[in-house]
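Structure data (compact mmCIF, C-alpha atoms) from my_file.txt:
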```txt
# COMPACT_ATOMS: atom_id res chain seq x y z
CA MET A 1 7.75 -0.85 -27.71
CA ILE A 2 4.68 -1.65 -25.62
CA THR A 3 1.73 -3.51 -27.11
CA PHE A 4 -1.05 -2.19 -24.91
CA ASP A 5 -3.56 -4.96 -25.52
CA THR A 6 -6.14 -6.44 -23.14
CA SER A 7 -3.51 -8.46 -21.31
CA ALA A 8 -1.24 -5.44 -20.77
CA ALA A 9 -4.17 -3.27 -19.70
CA ALA A 10 -5.30 -5.88 -17.19
CA HIS A 11 -1.76 -6.09 -15.80
CA LEU A 12 -1.54 -2.32 -15.34
CA LEU A 13 -4.93 -2.07 -13.65
CA ARG A 14 -4.26 -5.07 -11.45
CA ARG A 15 -1.16 -3.36 -10.04
CA LEU A 16 -2.73 0.08 -9.58
CA GLN A 17 -6.15 -0.80 -8.17
CA PHE A 18 -7.94 -3.55 -6.29
CA GLY A 19 -9.16 -6.05 -8.86
CA VAL A 20 -10.31 -5.44 -12.41
CA ASN A 21 -13.29 -6.30 -14.60
CA PRO A 22 -13.61 -6.64 -18.39
CA GLU A 23 -15.27 -3.25 -18.81
CA GLU A 24 -12.33 -1.50 -17.15
CA ILE A 25 -9.90 -3.40 -19.35
CA ASP A 26 -11.81 -2.49 -22.50
CA ARG A 27 -11.86 1.18 -21.51
CA ALA A 28 -8.11 1.20 -20.90
CA VAL A 29 -7.42 -0.38 -24.29
CA ARG A 30 -9.68 2.12 -26.03
CA GLU A 31 -8.00 5.07 -24.31
CA GLY A 32 -4.45 3.77 -24.70
CA LEU A 33 -1.63 3.61 -22.17
CA ASP A 34 -0.85 7.32 -21.82
CA ALA A 35 -4.47 8.43 -21.47
CA THR A 36 -5.18 5.61 -19.00
CA LEU A 37 -2.22 6.59 -16.84
CA ASP A 38 -3.21 10.25 -16.99
CA ARG A 39 -6.71 9.35 -15.81
CA LEU A 40 -5.53 7.04 -13.05
CA PHE A 41 -3.07 9.62 -11.70
CA THR A 42 -5.47 12.56 -11.96
CA PRO A 43 -8.01 13.03 -9.12
CA GLN A 44 -11.45 11.87 -10.26
CA PRO A 45 -14.77 13.02 -8.79
CA GLU A 46 -16.32 10.58 -6.34
CA THR A 47 -19.94 9.55 -6.64
CA ALA A 48 -22.42 11.07 -4.23
CA GLU A 49 -23.25 7.60 -2.92
CA PHE A 50 -19.62 6.79 -2.12
CA THR A 51 -18.97 10.20 -0.59
CA ALA A 52 -21.94 9.82 1.75
CA SER A 53 -21.28 6.20 2.72
CA GLN A 54 -17.56 6.61 3.46
CA ALA A 55 -18.23 9.79 5.45
CA ALA A 56 -20.88 8.03 7.54
CA LEU A 57 -18.54 5.12 8.31
CA ARG A 58 -15.65 7.43 9.15
CA ASP A 59 -17.71 9.76 11.35
CA ALA A 60 -19.14 6.80 13.26
CA ALA A 61 -15.68 5.36 13.86
CA VAL A 62 -14.29 8.63 15.17
CA ALA A 63 -17.39 9.43 17.25
CA THR A 64 -17.33 6.05 18.97
CA ALA A 65 -13.51 5.76 19.08
CA SER A 66 -13.84 2.35 17.42
CA ILE A 67 -10.71 1.20 15.63
CA GLN A 68 -12.68 -1.76 14.28
CA ASP A 69 -15.10 0.60 12.59
CA LEU A 70 -12.18 2.65 11.25
CA LYS A 71 -10.70 -0.49 9.69
CA ALA A 72 -14.01 -1.23 7.98
CA TRP A 73 -14.16 2.39 6.75
CA TRP A 74 -10.75 2.22 5.09
CA LEU A 75 -11.44 -1.13 3.40
CA HIS A 76 -14.73 0.30 2.11
CA ARG A 77 -12.85 3.34 0.85
CA MET A 78 -10.18 1.25 -0.91
CA ALA A 79 -12.83 -0.76 -2.74
CA GLY A 80 -15.28 2.01 -3.58
CA THR A 81 -13.19 5.03 -4.48
CA ALA A 82 -12.92 6.48 -7.98
CA ASN A 83 -9.21 7.07 -7.18
CA PRO A 84 -7.75 3.61 -6.56
CA VAL A 85 -4.12 4.65 -7.12
CA THR A 86 -4.44 7.08 -4.22
CA GLU A 87 -5.60 4.28 -1.91
CA LYS A 88 -2.91 1.90 -3.14
CA VAL A 89 -0.29 4.55 -2.41
CA THR A 90 -1.87 5.22 1.00
CA LEU A 91 -1.60 1.51 1.81
CA PHE A 92 2.02 1.55 0.58
CA TRP A 93 2.95 4.32 3.02
CA HIS A 94 0.97 2.72 5.84
CA ASN A 95 3.25 -0.30 5.45
CA HIS A 96 6.36 1.87 5.01
CA PHE A 97 5.74 4.00 8.12
CA ALA A 98 4.15 1.04 9.91
CA THR A 99 2.27 2.46 12.90
CA SER A 100 -0.13 0.39 14.99
CA TYR A 101 -3.21 1.42 16.91
CA ASN A 102 -2.28 -1.28 19.45
CA LYS A 103 0.26 1.17 20.90
CA VAL A 104 -1.11 4.53 19.76
CA LEU A 105 -4.58 3.81 21.20
CA SER A 106 -6.16 6.81 19.50
CA VAL A 107 -8.62 6.60 16.63
CA PRO A 108 -8.30 10.33 15.81
CA MET A 109 -4.50 10.03 15.60
CA MET A 110 -4.65 6.96 13.36
CA THR A 111 -7.26 8.65 11.19
CA ALA A 112 -5.12 11.77 10.86
CA GLN A 113 -2.07 9.72 9.90
CA ASN A 114 -4.09 7.86 7.28
CA ASP A 115 -5.27 11.18 5.88
CA LEU A 116 -1.67 12.35 5.82
CA PHE A 117 -0.60 9.42 3.63
CA ARG A 118 -3.57 10.02 1.33
CA THR A 119 -2.91 13.75 1.00
CA LEU A 120 0.89 13.74 0.68
CA GLY A 121 1.71 10.19 -0.42
CA SER A 122 1.76 10.83 -4.16
CA GLY A 123 3.77 14.01 -3.81
CA SER A 124 7.13 14.99 -2.37
CA PHE A 125 8.78 12.45 -0.09
CA ARG A 126 10.65 15.39 1.41
CA GLN A 127 7.39 16.89 2.60
CA LEU A 128 5.98 13.52 3.59
CA LEU A 129 8.93 12.50 5.78
CA THR A 130 9.12 15.94 7.36
CA THR A 131 5.41 15.80 8.22
CA VAL A 132 5.46 12.19 9.43
CA ALA A 133 8.31 13.04 11.82
CA ARG A 134 5.93 15.43 13.60
CA ASP A 135 2.84 13.24 13.27
CA PRO A 136 1.22 12.58 16.68
CA ALA A 137 0.63 8.87 15.99
CA MET A 138 4.29 8.46 14.99
CA LEU A 139 5.48 10.36 18.07
CA VAL A 140 3.54 7.94 20.27
CA TRP A 141 4.56 4.90 18.21
CA LEU A 142 8.29 5.63 18.42
CA ASP A 143 8.39 7.13 21.91
CA GLY A 144 8.97 10.80 21.12
CA ASN A 145 8.25 11.95 24.67
CA ALA A 146 10.93 9.59 25.98
CA ASN A 147 13.61 11.38 23.97
CA ARG A 148 15.09 13.90 26.42
CA LYS A 149 18.30 15.86 26.57
CA ARG A 150 20.04 13.77 29.22
CA HIS A 151 18.50 10.44 28.15
CA PRO A 152 18.21 10.31 24.34
CA ASN A 153 15.81 7.70 22.97
CA GLU A 154 17.04 6.23 19.69
CA ASN A 155 13.82 4.71 18.38
CA PHE A 156 12.82 7.33 15.83
CA ALA A 157 16.38 8.15 14.77
CA ARG A 158 17.02 4.47 14.09
CA GLU A 159 13.83 3.90 12.13
CA VAL A 160 14.15 7.08 10.06
CA MET A 161 17.48 5.74 8.81
CA GLU A 162 16.84 1.99 8.67
CA LEU A 163 13.20 1.82 7.59
CA PHE A 164 12.06 5.21 6.34
CA ALA A 165 14.83 6.78 4.25
CA LEU A 166 18.11 4.89 3.84
CA GLY A 167 18.08 1.17 4.60
CA LEU A 168 20.61 -1.00 6.39
CA GLY A 169 24.28 -0.42 5.70
CA ASN A 170 24.00 3.28 4.98
CA TYR A 171 24.60 4.66 8.46
CA THR A 172 26.53 3.81 11.62
CA GLU A 173 25.43 3.30 15.21
CA ARG A 174 27.19 6.55 15.99
CA ASP A 175 25.02 8.31 13.39
CA ILE A 176 21.92 7.02 15.19
CA GLN A 177 23.17 8.09 18.60
CA GLU A 178 23.95 11.59 17.37
CA ALA A 179 20.68 11.87 15.46
CA ALA A 180 18.72 10.83 18.55
CA ARG A 181 20.17 13.86 20.36
CA ALA A 182 19.00 16.06 17.50
CA PHE A 183 15.42 14.76 17.88
CA SER A 184 15.39 15.29 21.65
CA GLY A 185 12.55 17.57 22.69
CA TRP A 186 10.33 16.54 19.75
CA HIS A 187 7.42 15.77 22.04
CA LEU A 188 3.66 15.46 22.08
CA ARG A 189 1.43 17.70 24.19
CA GLU A 190 -2.37 17.71 24.16
CA GLY A 191 -2.37 15.50 21.09
CA ARG A 192 -0.12 17.76 19.00
CA PHE A 193 3.54 18.04 18.11
CA TRP A 194 5.40 20.23 20.61
CA PHE A 195 9.00 21.33 20.46
CA ASN A 196 10.09 21.14 24.10
CA ASP A 197 13.09 23.46 24.05
CA SER A 198 14.02 22.64 27.63
CA GLN A 199 14.58 18.98 26.65
CA HIS A 200 16.38 19.62 23.35
CA ASP A 201 20.12 19.05 23.09
CA SER A 202 21.39 22.06 21.14
CA SER A 203 25.08 21.13 21.22
CA ASP A 204 27.11 19.96 18.23
CA LYS A 205 26.38 16.56 16.64
CA THR A 206 28.24 14.69 13.92
CA VAL A 207 26.09 12.72 11.46
CA PHE A 208 27.26 11.24 8.14
CA GLY A 209 30.60 12.94 8.73
CA LYS A 210 29.08 16.42 9.02
CA THR A 211 29.09 18.46 12.23
CA GLY A 212 26.72 21.16 13.39
CA LYS A 213 24.14 22.12 15.98
CA PHE A 214 21.66 19.88 14.20
CA ASP A 215 18.01 19.68 15.20
CA GLY A 216 15.58 17.02 14.01
CA GLN A 217 14.76 18.78 10.75
CA ALA A 218 18.44 19.03 9.91
CA ILE A 219 18.77 15.27 10.37
CA ILE A 220 15.77 14.66 8.13
CA ASN A 221 17.36 16.88 5.49
CA LEU A 222 20.65 14.99 5.76
CA CYS A 223 18.78 11.72 5.22
CA LEU A 224 16.85 13.11 2.26
CA ASP A 225 20.06 14.36 0.65
CA HIS A 226 21.92 11.09 1.29
CA PRO A 227 22.73 9.23 -1.95
CA ALA A 228 21.15 6.06 -0.52
CA CYS A 229 17.70 7.67 -0.21
CA PRO A 230 16.52 7.52 -3.85
CA ARG A 231 17.81 3.98 -4.21
CA PHE A 232 16.01 2.89 -1.04
CA LEU A 233 12.74 4.40 -2.28
CA ALA A 234 13.26 2.78 -5.68
CA PHE A 235 13.59 -0.65 -4.09
CA LYS A 236 10.44 -0.17 -2.01
CA LEU A 237 8.40 1.06 -4.98
CA LEU A 238 9.52 -1.76 -7.27
CA ARG A 239 9.00 -4.42 -4.61
CA THR A 240 5.42 -3.29 -3.99
CA PHE A 241 4.16 -2.39 -7.45
CA VAL A 242 6.35 -4.31 -9.89
CA VAL A 243 8.40 -7.34 -8.85
CA THR A 244 9.33 -8.96 -5.56
CA GLU A 245 13.07 -9.12 -6.28
CA PRO A 246 14.02 -6.15 -8.48
CA SER A 247 17.44 -6.30 -10.11
CA PRO A 248 20.17 -3.85 -9.00
CA ALA A 249 20.14 -2.32 -12.48
CA TRP A 250 16.40 -1.68 -12.32
CA ILE A 251 16.74 -0.19 -8.84
CA ASP A 252 19.43 2.13 -10.17
CA ARG A 253 17.21 3.27 -13.05
CA VAL A 254 14.28 4.02 -10.78
CA ALA A 255 16.58 5.73 -8.27
CA ALA A 256 17.66 8.01 -11.11
CA LEU A 257 13.97 8.81 -11.69
CA PHE A 258 13.55 9.73 -8.03
CA THR A 259 16.55 12.03 -8.30
CA LYS A 260 15.16 13.53 -11.52
CA HIS A 261 11.79 14.19 -9.85
CA ASP A 262 13.31 15.37 -6.54
CA LEU A 263 11.88 12.40 -4.61
CA THR A 264 8.32 12.96 -5.82
CA PHE A 265 6.46 9.65 -5.80
CA ALA A 266 3.65 9.70 -8.40
CA PRO A 267 5.74 10.83 -11.41
CA VAL A 268 8.20 8.02 -10.74
CA LEU A 269 5.50 5.37 -10.40
CA LYS A 270 3.86 6.69 -13.55
CA GLU A 271 7.12 6.47 -15.52
CA VAL A 272 7.71 2.95 -14.25
CA CYS A 273 4.24 1.95 -15.45
CA ARG A 274 5.05 3.44 -18.85
CA SER A 275 8.28 1.46 -19.25
CA PRO A 276 8.45 -1.67 -21.46
CA GLU A 277 10.05 -3.61 -18.60
CA PHE A 278 6.90 -3.22 -16.51
CA TYR A 279 4.99 -5.33 -19.06
CA GLY A 280 7.59 -8.08 -19.39
CA SER A 281 6.67 -11.72 -18.89
CA ASP A 282 9.15 -11.83 -16.00
CA VAL A 283 7.04 -9.21 -14.16
CA ARG A 284 3.48 -10.39 -14.70
CA GLY A 285 2.16 -12.80 -12.14
CA THR A 286 5.24 -12.48 -9.90
CA ILE A 287 3.60 -10.91 -6.84
CA ILE A 288 1.55 -12.95 -4.39
CA LYS A 289 -1.60 -11.03 -3.55
CA SER A 290 -1.68 -9.60 -0.06
CA PRO A 291 -4.84 -10.33 1.94
CA VAL A 292 -6.21 -6.86 1.17
CA GLU A 293 -5.44 -7.26 -2.54
CA LEU A 294 -6.95 -10.75 -2.63
CA VAL A 295 -10.11 -9.89 -0.70
CA LEU A 296 -10.86 -6.47 -2.18
CA GLY A 297 -9.61 -7.52 -5.62
CA THR A 298 -12.16 -10.32 -5.57
CA LEU A 299 -15.12 -8.55 -3.99
CA ARG A 300 -14.90 -5.21 -5.83
CA PRO A 301 -15.42 -6.58 -9.37
CA LEU A 302 -17.62 -9.53 -8.44
CA CYS A 303 -19.90 -8.59 -5.56
CA GLU A 304 -22.35 -5.99 -4.26
CA ARG A 305 -23.77 -5.23 -0.81
CA ILE A 306 -20.39 -6.05 0.70
CA ARG A 307 -20.37 -6.79 4.44
CA TRP A 308 -17.47 -4.69 5.67
CA PRO A 309 -17.21 -5.99 9.26
CA ALA A 310 -16.83 -9.53 7.91
CA VAL A 311 -14.27 -8.32 5.34
CA ARG A 312 -12.33 -6.49 8.05
CA ASP A 313 -12.18 -9.59 10.24
CA LEU A 314 -11.17 -11.78 7.31
CA SER A 315 -8.29 -9.51 6.30
CA ALA A 316 -6.98 -9.63 9.86
CA GLN A 317 -7.30 -13.42 9.98
CA LEU A 318 -5.39 -13.70 6.71
CA GLY A 319 -2.53 -11.68 8.21
CA GLN A 320 -3.11 -8.07 7.13
CA ASP A 321 -4.91 -6.22 9.89
CA VAL A 322 -5.00 -2.62 8.68
CA PHE A 323 -4.07 -0.02 11.28
CA ALA A 324 -2.26 -2.80 13.13
CA PRO A 325 0.90 -3.87 11.26
CA PRO A 326 2.86 -6.51 13.19
CA SER A 327 5.99 -4.41 13.83
CA VAL A 328 7.86 -1.27 12.81
CA LYS A 329 8.92 -3.21 9.70
CA GLY A 330 5.34 -3.62 8.52
CA TRP A 331 4.17 -6.74 6.71
CA ASP A 332 6.86 -8.90 5.11
CA GLY A 333 4.59 -10.02 2.28
CA GLY A 334 5.58 -12.52 -0.38
CA ARG A 335 5.41 -16.15 0.61
CA GLN A 336 4.63 -15.11 4.18
CA TRP A 337 1.08 -14.54 2.95
CA ILE A 338 0.51 -18.18 1.98
CA HIS A 339 1.58 -20.40 4.84
CA ALA A 340 -0.53 -23.53 5.33
CA THR A 341 -3.21 -22.01 7.57
CA ALA A 342 -3.56 -18.87 5.45
CA TRP A 343 -3.86 -20.95 2.29
CA ILE A 344 -6.86 -22.81 3.74
CA GLN A 345 -8.44 -19.55 4.88
CA ARG A 346 -7.94 -18.03 1.42
CA TRP A 347 -9.56 -21.03 -0.22
CA ASN A 348 -12.49 -20.88 2.20
CA PHE A 349 -13.00 -17.19 1.42
CA LEU A 350 -13.03 -17.78 -2.33
CA SER A 351 -15.48 -20.63 -1.87
CA ASP A 352 -17.74 -18.34 0.16
CA VAL A 353 -17.71 -15.73 -2.61
CA THR A 354 -19.50 -18.09 -4.98
CA GLY A 355 -21.32 -20.25 -2.45
CA SER A 356 -22.68 -17.89 0.19
CA GLU A 357 -23.34 -14.25 1.00
CA ARG A 358 -21.00 -14.13 3.97
CA TYR A 359 -18.91 -11.30 2.52
CA GLY A 360 -21.24 -9.94 -0.14
CA SER A 361 -23.70 -10.87 -2.83
CA LEU A 362 -22.35 -12.10 -6.13
CA ARG A 363 -23.65 -9.91 -8.93
CA SER A 364 -26.02 -11.90 -11.11
CA GLU A 365 -24.68 -10.26 -14.26
CA VAL A 366 -21.17 -11.39 -13.33
CA ARG A 367 -22.15 -15.02 -12.94
CA GLU A 368 -24.03 -14.87 -16.24
CA ALA A 369 -21.17 -13.17 -18.07
CA ILE A 370 -18.63 -15.69 -16.81
CA ALA A 371 -20.92 -18.53 -17.83
CA GLN A 372 -21.39 -17.14 -21.34
CA GLN A 373 -18.12 -15.31 -22.05
CA PRO A 374 -15.43 -16.88 -19.88
CA HIS A 375 -12.55 -15.58 -22.02
CA ASP A 376 -13.06 -11.94 -20.99
CA TRP A 377 -13.10 -12.83 -17.33
CA VAL A 378 -10.09 -15.13 -17.60
CA THR A 379 -8.11 -12.08 -18.76
CA ALA A 380 -9.43 -10.07 -15.82
CA LEU A 381 -8.89 -12.74 -13.17
CA PHE A 382 -5.49 -14.16 -14.07
CA ALA A 383 -2.17 -12.35 -14.24
CA THR A 384 -0.48 -14.97 -16.42
CA PRO A 385 -1.76 -17.01 -19.38
CA LEU A 386 -3.42 -20.25 -18.36
CA SER A 387 -2.24 -23.49 -19.89
CA ASP A 388 -4.23 -24.93 -22.78
CA THR A 389 -5.32 -27.80 -20.53
CA THR A 390 -6.62 -25.45 -17.83
CA ARG A 391 -8.45 -23.33 -20.39
CA GLU A 392 -10.07 -26.43 -21.83
CA VAL A 393 -11.21 -27.54 -18.38
CA LEU A 394 -12.77 -24.12 -17.72
CA THR A 395 -14.46 -24.11 -21.13
CA LYS A 396 -15.90 -27.57 -20.68
CA ALA A 397 -17.02 -26.97 -17.08
CA VAL A 398 -20.69 -26.52 -16.30
CA PRO A 399 -21.22 -22.77 -16.89
CA SER A 400 -22.52 -22.16 -13.38
CA ASP A 401 -19.32 -23.70 -11.93
CA ARG A 402 -16.81 -21.73 -14.00
CA LEU A 403 -16.32 -18.90 -11.53
CA SER A 404 -15.78 -21.09 -8.48
CA LEU A 405 -13.41 -23.28 -10.48
CA SER A 406 -11.49 -20.23 -11.68
CA LEU A 407 -11.09 -18.77 -8.20
CA SER A 408 -9.85 -22.11 -6.86
CA LEU A 409 -6.85 -22.18 -9.22
CA PRO A 410 -3.43 -21.42 -7.68
CA GLU A 411 -2.81 -18.91 -10.47
CA TYR A 412 -5.53 -16.70 -9.02
CA GLN A 413 -3.30 -15.97 -6.01
CA LEU A 414 -0.86 -14.04 -8.21
CA MET A 415 -0.97 -10.54 -9.62
```

structure tokens encoding of this file:
Amino acid sequence: MITFDTSAAAHLLRRLQFGVNPEEIDRAVREGLDATLDRLFTPQPETAEFTASQAALRDAAVATASIQDLKAWWLHRMAGTANPVTEKVTLFWHNHFATSYNKVLSVPMMTAQNDLFRTLGSGSFRQLLTTVARDPAMLVWLDGNANRKRHPNENFAREVMELFALGLGNYTERDIQEAARAFSGWHLREGRFWFNDSQHDSSDKTVFGKTGKFDGQAIINLCLDHPACPRFLAFKLLRTFVVTEPSPAWIDRVAALFTKHDLTFAPVLKEVCRSPEFYGSDVRGTIIKSPVELVLGTLRPLCERIRWPAVRDLSAQLGQDVFAPPSVKGWDGGRQWIHATAWIQRWNFLSDVTGSERYGSLRSEVREAIAQQPHDWVTALFATPLSDTTREVLTKAVPSDRLSLSLSLPEYQLM
């Protein structure tokens, strides 16, 4: 049985969007869990202001081929959209299929891949993986044109098994070698996927103990039908949205949901968010905020007139440079986010939020509300209950200092 009170509502919203304010929590409690989930997972109309501003930023980035402007556009979109779950899922797949502009060197290709995650990310993983395998940015990233009949390149075949669909231990080196032959001829020409028949190896291959004249799509289908696939997706979903170290039993339960929903992402995430386990004390406050979650989760509810170039640069400095993940494995996350240097940079950012306008202007009504009604904002800002001593300190603090004091607490780094 789930008691969907203000604390539970704040927890749900914190995991499915970037930051939360008291008004959003109150609305969720009024609507109830099921209605809130239905709203969050149903496309909502965007405001005219947001539609115009994000389009202007995007068009400028593409017109000038500026990846820096594209990064600012996506951060603006994540913070301003009426569909935060869609952007959270887009970020999830960006980390899953980690592709970097630093090798692709094409703003249109990176934009198209980002759109792909946004359009297909909540739906069928079968369709998503099939489409990503032909995505121009991915073909550049994993050397599609280098995969030729007489000289197979194993990069994509390896990553589709290790990082995209199955995970370590669920394939052999021979499987990768044979799969690489199946993907030979999956090339890029004039910025588009091109099946180069002259460079495709059409002979028999043996993968996962099955033999046939497999092409790349056949290998993708074999991976999707592999019993390890739903369990691999379950682990990735739980690790991102629920708990850093999910138990084997929980992974099994979510894998069963993926099988039930034929590898469709949103229904599984929705069911997870409806489960009593999701609201357990062993889940709340167990994930260290990524730089994007920390920065956008702070600025979105607290500030206006946000300065997106400064936010973009800060996110990169903190270790999460969107459109430029560090490797094919994406960002490790967890405690890697809070090494000594990053901790100082995080603290400096939070100090700037209340002490300067470097990243945006603190809303006057927010400062006033926190000064007068700190309890509501404590629920919004902190993923776990504060100790009685800490609450007393916040209550007794000079009202104008309560926000800066709250943001400086270590507990604020958790979600």

Contacts between region 222-240 of chain A and region 116-171 of chain A, please, where a residue of region 116-171 of chain A counts if it comes within 7 Å (with only C-alpha atoms); show its shortest atom pair and distance in Å to one decimal, rows by chain and ascending number, as a tab-separated table.
```
residue	atom	partner	partner_atom	distance
A:Arg126	CA	A:Leu224	CA	6.7
A:Ala165	CA	A:Cys229	CA	5.4
A:Leu166	CA	A:Cys229	CA	4.9
A:Gly167	CA	A:Phe232	CA	6.2
A:Asn170	CA	A:Ala228	CA	6.8
```

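Taking only C-alpha atoms into account, Gln345 (chain A) lies nearest to A:Leu318 out of the set A:Met78, A:Leu386, A:Ala28, A:Leu318.
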
Quiz item: Which one of A:Gly19, A:Gly330, A:Pro399, A:Gly360 sits closest to Ile306 (chain A) if you count all atoms listed in the file?
Solution: A:Gly360

Quiz item: For His375 (chain A), which residue among A:Arg358, A:Pro45, A:Thr90, A:Thr6 is the nearest when counting only C-alpha atoms?
Solution: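 For His375 (chain A), the nearest of the given residues is A:Thr6.
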
Quiz prompt | 7 Å contact set for Arg363 (chain A), only C-alpha atoms, chain neighbours under 2 positions out, as a PyMOL selection string | solution = chain A and resi 302-304+361+365-367
